[in-house]
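What follows is the content of upload.txt, which has compact mmCIF, C-alpha atoms:
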```txt
# COMPACT_ATOMS: atom_id res chain seq x y z
CA MET M 1 0.00 0.00 0.00
CA ASN M 2 1.45 3.37 -1.01
CA LYS M 3 2.08 5.82 1.78
CA PRO M 4 -0.29 8.83 1.53
CA ILE M 5 1.47 11.95 0.30
CA LEU M 6 1.13 15.03 2.48
CA ARG M 7 1.41 18.38 0.77
CA ASP M 8 1.43 21.57 2.81
CA PRO M 9 0.96 25.06 1.35
CA LEU M 10 4.51 25.89 2.45
CA GLN M 11 5.85 23.32 0.00
CA GLU M 12 4.13 24.90 -3.00
CA HIS M 13 3.43 28.55 -2.11
CA PRO M 14 4.86 31.24 0.18
CA PRO M 15 3.47 31.18 3.74
CA ALA M 16 -0.04 32.63 3.73
CA ILE M 17 -0.60 35.19 6.45
CA SER M 18 -4.08 36.31 7.46
CA GLU M 19 -5.50 37.50 4.13
CA GLY M 20 -8.02 39.76 5.89
CA ARG M 21 -5.27 42.01 7.22
CA GLN M 22 -3.19 41.75 4.05
CA SER M 23 -5.97 42.70 1.66
CA GLY M 24 -7.56 45.39 3.81
CA VAL M 25 -10.67 43.36 4.66
CA SER M 26 -11.88 44.50 8.07
CA VAL M 27 -11.65 41.70 10.58
CA ALA M 28 -14.46 43.41 12.47
CA ASP M 29 -16.70 42.47 9.54
CA GLY M 30 -15.93 38.79 10.07
CA ARG M 31 -18.45 36.51 11.69
CA ARG M 32 -17.65 34.92 15.04
CA ALA M 33 -15.94 31.62 14.40
CA HIS M 34 -18.50 29.38 16.12
CA ALA M 35 -21.35 31.00 14.16
CA GLU M 36 -19.61 30.61 10.80
CA MET M 37 -18.71 27.00 11.60
CA ALA M 38 -22.32 26.24 12.50
CA ARG M 39 -23.44 27.74 9.19
CA VAL M 40 -20.94 25.96 6.97
CA LEU M 41 -21.06 22.60 8.79
CA GLY M 42 -24.85 22.59 8.99
CA THR M 43 -24.98 20.94 12.41
CA GLU M 44 -24.68 21.56 16.15
CA PRO M 45 -21.36 20.99 17.94
CA PHE M 46 -20.97 17.85 20.00
CA HIS M 47 -19.60 20.08 22.76
CA MET M 48 -18.74 23.79 22.92
CA ALA M 49 -17.52 26.19 25.63
CA LEU M 50 -17.20 29.88 24.79
CA ASP M 51 -16.29 33.14 26.52
CA ALA M 52 -18.18 36.37 25.92
CA SER M 53 -15.57 37.30 23.28
CA GLY M 54 -16.42 34.20 21.25
CA ALA M 55 -13.11 32.60 22.22
CA GLY M 56 -13.36 28.96 23.18
CA ILE M 57 -13.25 25.32 22.21
CA ALA M 58 -15.72 23.25 20.19
CA HIS M 59 -15.93 19.57 19.26
CA TRP M 60 -17.63 18.92 15.93
CA LYS M 61 -18.65 15.75 14.15
CA HIS M 62 -19.86 16.66 10.69
CA GLU M 63 -20.60 15.25 7.28
CA PRO M 64 -18.49 15.77 4.11
CA LEU M 65 -17.89 19.43 3.37
CA HIS M 66 -17.82 21.24 0.02
CA ASP M 67 -18.21 24.93 0.77
CA VAL M 68 -16.47 28.27 1.30
CA VAL M 69 -15.63 29.30 4.86
CA ALA M 70 -16.15 33.06 5.05
CA PRO M 71 -13.76 35.43 6.91
CA MET M 72 -14.00 35.02 10.67
CA ALA M 73 -13.19 37.29 13.61
CA HIS M 74 -11.00 34.64 15.28
CA HIS M 75 -8.06 32.47 14.37
CA VAL M 76 -9.33 28.89 14.12
CA ILE M 77 -7.00 26.03 15.00
CA MET M 78 -8.19 22.47 14.45
CA ALA M 79 -6.98 19.05 15.53
CA TYR M 80 -8.29 16.05 13.63
CA ASN M 81 -9.52 12.93 15.39
CA GLY M 82 -10.88 10.62 12.73
CA MET M 83 -10.16 8.25 9.88
CA MET M 84 -7.33 9.22 7.54
CA GLN M 85 -8.60 11.01 4.43
CA ARG M 86 -7.45 13.39 1.71
CA MET M 87 -8.82 16.91 1.50
CA GLU M 88 -8.38 20.07 -0.57
CA ARG M 89 -8.29 23.71 0.48
CA ARG M 90 -8.37 26.65 -1.97
CA SER M 91 -7.38 30.16 -0.87
CA GLY M 92 -7.51 32.52 -3.83
CA ARG M 93 -5.26 30.96 -6.47
CA SER M 94 -3.45 28.82 -3.90
CA VAL M 95 -4.42 25.13 -3.72
CA ALA M 96 -3.31 22.86 -0.87
CA ILE M 97 -3.95 19.12 -0.79
CA GLY M 98 -3.33 17.37 2.50
CA THR M 99 -4.13 14.27 4.48
CA PHE M 100 -6.32 14.58 7.57
CA ARG M 101 -5.03 12.23 10.25
CA PRO M 102 -4.31 12.33 13.99
CA GLY M 103 -1.26 14.44 14.76
CA VAL M 104 -1.89 17.19 12.20
CA VAL M 105 -3.30 20.69 12.66
CA ILE M 106 -5.27 23.05 10.45
CA ILE M 107 -5.00 26.82 10.92
CA ILE M 108 -7.42 29.34 9.43
CA PRO M 109 -6.03 32.79 10.24
CA GLU M 110 -8.41 35.50 11.38
CA GLY M 111 -10.00 37.27 8.42
CA SER M 112 -9.02 34.73 5.75
CA SER M 113 -11.38 32.78 3.51
CA SER M 114 -11.01 29.48 1.66
CA ARG M 115 -13.00 26.73 -0.02
CA TRP M 116 -12.87 23.28 1.55
CA ASP M 117 -13.52 19.95 -0.13
CA ILE M 118 -13.56 17.09 2.39
CA PRO M 119 -15.11 13.88 0.98
CA LYS M 120 -15.80 11.95 4.21
CA PRO M 121 -17.25 12.64 7.69
CA VAL M 122 -14.98 14.55 10.07
CA ASP M 123 -14.34 14.46 13.84
CA VAL M 124 -12.47 17.62 14.82
CA VAL M 125 -11.75 19.80 17.86
CA GLN M 126 -11.44 23.54 17.20
CA LEU M 127 -9.90 26.40 19.15
CA TYR M 128 -11.31 29.90 18.51
CA LEU M 129 -8.52 32.34 19.34
CA PRO M 130 -8.96 36.15 19.25
CA HIS M 131 -5.97 37.98 17.83
CA ALA M 132 -5.96 40.14 20.98
CA THR M 133 -5.28 37.00 23.05
CA LEU M 134 -2.41 36.00 20.78
CA ARG M 135 -0.90 39.47 21.09
CA ARG M 136 -1.37 39.50 24.89
CA VAL M 137 0.44 36.18 25.25
CA ALA M 138 3.24 37.43 23.01
CA ASP M 139 3.61 40.54 25.18
CA GLU M 140 3.52 38.57 28.44
CA ALA M 141 6.09 36.08 27.14
CA ASP M 142 8.27 38.96 25.92
CA ILE M 143 8.03 37.79 22.30
CA SER M 144 8.79 40.57 19.84
CA THR M 145 8.32 38.62 16.60
CA PRO M 146 5.29 39.37 14.37
CA VAL M 147 2.22 37.57 15.67
CA ASP M 148 0.43 36.85 12.37
CA LEU M 149 -0.33 33.15 11.91
CA MET M 150 0.36 31.16 8.77
CA GLU M 151 -2.27 29.09 7.02
CA ARG M 152 -1.71 25.41 7.74
CA THR M 153 -3.40 22.53 5.96
CA ALA M 154 -3.00 19.11 7.60
CA HIS M 155 0.37 20.25 8.93
CA PRO M 156 2.22 17.74 11.16
CA ASP M 157 2.31 19.03 14.75
CA PRO M 158 1.59 16.18 17.22
CA PHE M 159 2.19 18.41 20.26
CA THR M 160 -0.42 21.02 19.35
CA SER M 161 -2.83 18.34 18.14
CA ARG M 162 -2.55 16.38 21.38
CA LEU M 163 -3.07 19.50 23.51
CA LEU M 164 -6.21 20.51 21.66
CA LEU M 165 -7.71 17.03 21.57
CA SER M 166 -7.16 16.76 25.35
CA ALA M 167 -9.91 19.35 25.80
CA VAL M 168 -12.53 16.74 24.89
CA ASP M 169 -11.62 14.52 27.84
CA VAL M 170 -10.96 17.21 30.45
CA MET M 171 -14.15 19.27 30.19
CA GLU M 172 -16.15 17.91 33.12
CA GLY M 173 -19.33 19.97 33.49
CA ASN M 174 -17.85 22.01 36.34
CA GLY M 175 -17.90 25.73 35.57
CA ALA M 176 -14.86 26.78 37.61
CA LEU M 177 -12.70 23.83 36.57
CA ASP M 178 -13.69 23.97 32.92
CA THR M 179 -13.08 27.72 32.61
CA LEU M 180 -9.72 27.50 34.35
CA PHE M 181 -8.65 24.61 32.10
CA ARG M 182 -9.84 26.37 28.96
CA HIS M 183 -7.95 29.57 29.78
CA GLN M 184 -4.78 27.66 30.64
CA LEU M 185 -5.03 25.64 27.45
CA THR M 186 -5.69 28.72 25.32
CA ASP M 187 -2.61 30.51 26.67
CA LEU M 188 -0.46 27.41 26.26
CA LEU M 189 -1.66 26.86 22.70
CA ALA M 190 -1.12 30.53 21.89
CA THR M 191 2.49 30.21 23.08
CA ARG M 192 2.93 27.13 20.92
CA LEU M 193 1.41 28.83 17.87
CA LEU M 194 3.77 31.77 18.25
CA ALA M 195 6.73 29.38 18.41
CA ALA M 196 5.75 27.10 15.53
CA HIS M 197 3.18 28.76 13.28
CA ALA M 198 3.90 32.51 13.19
CA GLY M 199 5.61 34.40 10.39
CA SER M 200 9.01 33.85 11.98
CA PRO M 201 10.12 31.54 14.82
CA ALA M 202 9.43 32.98 18.26
CA THR M 203 11.18 32.19 21.52
CA SER M 204 10.12 33.35 24.96
CA ARG M 205 12.48 34.33 27.72
CA PRO M 206 12.60 31.46 30.26
CA THR M 207 10.87 32.14 33.55
CA MET M 208 12.87 31.08 36.58
CA GLY M 209 11.60 30.51 40.10
CA GLY M 210 8.17 30.07 41.63
CA LEU M 211 5.82 32.21 43.65
CA SER M 212 6.85 33.71 46.97
CA PRO M 213 5.40 31.85 49.98
CA LYS M 214 2.98 34.72 50.70
CA VAL M 215 1.71 34.92 47.11
CA LEU M 216 1.45 31.13 46.83
CA LEU M 217 -0.57 30.94 50.06
CA ARG M 218 -2.95 33.62 48.78
CA ALA M 219 -3.43 31.73 45.50
CA ILE M 220 -4.10 28.45 47.30
CA GLU M 221 -6.55 30.13 49.68
CA ARG M 222 -8.49 31.42 46.66
CA LEU M 223 -8.48 27.98 45.02
CA ARG M 224 -9.64 26.36 48.27
CA SER M 225 -12.49 28.81 48.79
CA GLY M 226 -16.10 27.98 47.97
CA SER M 227 -17.46 27.58 44.48
CA ASP M 228 -18.88 31.14 44.56
CA THR M 229 -15.39 32.65 44.68
CA ASP M 230 -13.76 33.68 41.42
CA VAL M 231 -11.01 31.13 40.73
CA SER M 232 -10.46 32.20 37.15
CA LEU M 233 -6.95 32.50 35.79
CA ASP M 234 -7.43 36.27 35.52
CA ALA M 235 -8.36 36.55 39.21
CA LEU M 236 -5.48 34.33 40.37
CA ALA M 237 -2.93 36.19 38.28
CA SER M 238 -4.25 39.59 39.35
CA ASP M 239 -3.99 38.62 43.03
CA ALA M 240 -0.38 37.60 42.45
CA GLY M 241 0.42 40.78 40.55
CA LEU M 242 1.52 38.75 37.52
CA SER M 243 0.38 38.14 33.97
CA ARG M 244 -1.56 34.94 33.29
CA PHE M 245 1.44 33.55 31.41
CA HIS M 246 3.93 34.12 34.24
CA PHE M 247 1.50 33.13 36.99
CA CYS M 248 0.87 29.69 35.46
CA ARG M 249 4.57 28.99 35.07
CA ALA M 250 5.43 30.19 38.57
CA PHE M 251 2.53 28.29 40.19
CA LYS M 252 3.61 25.04 38.54
CA GLU M 253 7.21 25.69 39.57
CA SER M 254 6.04 26.05 43.19
CA THR M 255 3.54 23.19 43.38
CA GLY M 256 4.40 20.79 40.56
CA LEU M 257 0.87 21.22 39.21
CA SER M 258 -0.90 23.69 36.96
CA PRO M 259 -3.65 25.74 38.66
CA HIS M 260 -6.29 23.59 36.95
CA ALA M 261 -4.66 20.31 38.00
CA TRP M 262 -4.30 21.60 41.58
CA LEU M 263 -7.95 22.64 41.79
CA ARG M 264 -9.09 19.38 40.19
CA GLN M 265 -7.14 17.39 42.81
CA HIS M 266 -8.52 19.57 45.62
CA ARG M 267 -12.12 19.10 44.44
CA LEU M 268 -11.55 15.33 44.32
CA GLU M 269 -10.28 15.36 47.92
CA GLN M 270 -13.31 17.42 48.97
CA ALA M 271 -15.61 14.93 47.25
CA MET M 272 -13.95 11.99 48.98
CA ASN M 273 -14.23 13.65 52.39
CA MET M 274 -17.92 14.41 51.90
CA LEU M 275 -18.71 10.94 50.59
CA ARG M 276 -16.82 9.23 53.42
CA ASP M 277 -17.66 11.47 56.37
CA THR M 278 -21.21 12.69 55.71
CA ASP M 279 -24.54 11.28 54.62
CA GLU M 280 -24.99 13.88 51.88
CA SER M 281 -26.43 12.43 48.70
CA VAL M 282 -24.24 12.19 45.61
CA VAL M 283 -26.45 14.85 44.02
CA SER M 284 -25.78 17.22 46.95
CA VAL M 285 -22.04 16.57 46.81
CA ALA M 286 -22.02 17.28 43.09
CA ALA M 287 -23.91 20.56 43.57
CA ALA M 288 -21.69 21.64 46.49
CA LEU M 289 -18.59 21.21 44.34
CA GLY M 290 -19.99 23.13 41.40
CA TYR M 291 -20.87 20.33 38.97
CA ALA M 292 -23.73 20.92 36.56
CA SER M 293 -25.25 17.48 37.25
CA GLN M 294 -24.78 14.24 39.13
CA THR M 295 -23.88 12.58 35.82
CA ALA M 296 -21.07 15.08 35.15
CA PHE M 297 -19.73 14.65 38.70
CA ALA M 298 -19.87 10.85 38.51
CA ALA M 299 -18.02 10.83 35.17
CA ALA M 300 -15.29 13.12 36.51
CA PHE M 301 -14.95 11.13 39.74
CA ARG M 302 -14.71 7.83 37.89
CA LYS M 303 -12.10 9.23 35.49
CA LEU M 304 -9.83 10.03 38.43
CA THR M 305 -10.54 7.05 40.71
CA GLY M 306 -11.81 4.26 38.49
CA GLU M 307 -15.02 4.03 40.56
CA THR M 308 -18.38 5.78 40.69
CA PRO M 309 -18.97 7.97 43.78
CA SER M 310 -21.55 5.47 45.12
CA ASP M 311 -19.24 2.49 44.66
CA TRP M 312 -16.32 4.35 46.28
CA ARG M 313 -18.51 5.34 49.26
CA ARG M 314 -19.69 1.76 49.81
CA ARG M 315 -16.16 0.43 49.65
CA MET M 316 -14.79 3.01 52.08
CA ARG M 317 -17.59 2.34 54.56
```

Produce structure tokens that represent the structure in this file.
Amino acid sequence: MNKPILRDPLQEHPPAISEGRQSGVSVADGRRAHAEMARVLGTEPFHMALDASGAGIAHWKHEPLHDVVAPMAHHVIMAYNGMMQRMERRSGRSVAIGTFRPGVVIIIPEGSSSRWDIPKPVDVVQLYLPHATLRRVADEADISTPVDLMERTAHPDPFTSRLLLSAVDVMEGNGALDTLFRHQLTDLLATRLLAAHAGSPATSRPTMGGLSPKVLLRAIERLRSGSDTDVSLDALASDAGLSRFHFCRAFKESTGLSPHAWLRQHRLEQAMNMLRDTDESVVSVAAALGYASQTAFAAAFRKLTGETPSDWRRRMR
């Protein structure tokens, strides 16, 4: 069997930077990414989590596509999670033919437009990234290189693909946890995009050292507080007097865990204590810890322990 041939636009044409900014098309005129994707895919997302800005993550399973994706007000980064298949993307006079497969990424820069011909059903996770977020991360990481993204068509990048696909398994139906994870992931992916998919390679200045004991204690106190307290990445970083980028790195240096992983572990310990030491129902425990439903809580608990909350409680008692 012949090995499928992967062709990237870079092999046949100069790197394509966001055509909206190049050609004078106003990005403000672009539709929000999730709305344009819903129009062109003709279906509802399997899962989607968005901020007020339209930034977020969506998991789509859609039928074959033969249509033009109009200019959007976000960069769209996709990771493919399905059967290997060939596809074609046309941007102006540029034609790119690639192979969709796990481990590749697709990048549609903000404001650009292209026609897609995909002959088979698709399972894909998409990141909707505002250009303002990309620029903020570049500033926080002290990256001075241009922050325009290149078009990518089925471009090999297992690291970025794996990060984005991880969102499907980590979203747990818990508002605080899910938002914290999504913001961490967005900043991490933005850093990766600047390093691997911008107009010129970008490197950030390494951050050394963790948080001071006083700042770390304040961050942990906020994370330990009740579900009504703001435990967003913005709030944690603001308390510490740091950017989101530097706070995440310093927190992990101090604790060995990202803020999301720390909070997830803490919520699990809270759940175990309530299940073991009280007669609260599983529904009440789920609500107390901020889960949208008993089903969402049970799925998250089982993912971390291998048991349902009810089974774990019976065994411990």

Sel. within 7 Å of pt (-18.0, 25.1, 0.6), counting all atoms listed in the file, output as a PyMOL selection string: chain M and resi 65-69+115-117

Counting only C-alpha atoms, write as a PyMOL selection string all protein and nucleic acid residues lying at most 7 Å from (-7.8, 32.4, 5.4) in the file's frame. chain M and resi 18-19+71+91+108-114+151

Counting only C-alpha atoms, what is within 12 Å of Leu236 (chain M), bar same-chain residues fewer than 2 positions away, as a PyMOL selection string? chain M and resi 180+183-184+211+215-224+229-234+238-248+250-251+259-260

Would you work out the distance separating CA of Glu88 (chain M) from CA of Lys120 (chain M), expressed in Å to one decimal?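 Atom-to-atom, CA of Glu88 (chain M) to CA of Lys120 (chain M), that is 12.0 Å.
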
Let me make sure I understand: among M:Arg182, M:His62, M:His74, M:Arg135, which one has the smallest atom-to-atom distance to Val168 (chain M) if we use only C-alpha atoms?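 Of all the options, M:Arg182 lies closest to Val168 (chain M).
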
Give me the residues within 7 Å of Arg313 (chain M) as a compact mmCIF listing (two decimals) with C-alpha atoms, in the frame of the given file, counting only C-alpha atoms and dropping any in the same chain fewer than 3 places off.
```txt
# COMPACT_ATOMS: atom_id res chain seq x y z
CA LEU M 275 -18.71 10.94 50.59
CA ARG M 276 -16.82 9.23 53.42
CA PRO M 309 -18.97 7.97 43.78
CA SER M 310 -21.55 5.47 45.12
CA MET M 316 -14.79 3.01 52.08
CA ARG M 317 -17.59 2.34 54.56
```

Report as a PyMOL selection string all protein, DNA and RNA residues lying within 7 Å of region 56-60 of chain M, evaluated on all atoms listed in the file, omitting residues in the same chain fewer than 2 positions from it. chain M and resi 45-51+54+62+123-128

CA of Gly226 (chain M) and CA of Ala298 (chain M), how far apart in Å? 19.9 Å

As a check of understanding: the span from CA of Leu165 (chain M) to CA of Leu134 (chain M) is 19.7 Å

Excluding His197 (chain M) and its own-chain neighbours fewer than 4 positions away, which residues fall within 9 Å of it when counting only C-alpha atoms? Please give them as a ChimeraX atom specification. /M:107,148-152,192-193,201

Which residue, M:Arg86, M:His266, M:Arg249, M:Arg31, has the smallest gap to Pro64 (chain M) when you use all atoms listed in the file?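 Once distances to Pro64 (chain M) are computed over all atoms listed in the file, the minimum belongs to M:Arg86.
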
Using only C-alpha atoms, the shortest atom-to-atom distance to Tyr80 (chain M) among M:Pro130, M:Pro156, M:Gly30, M:Gly92 belongs to M:Pro156
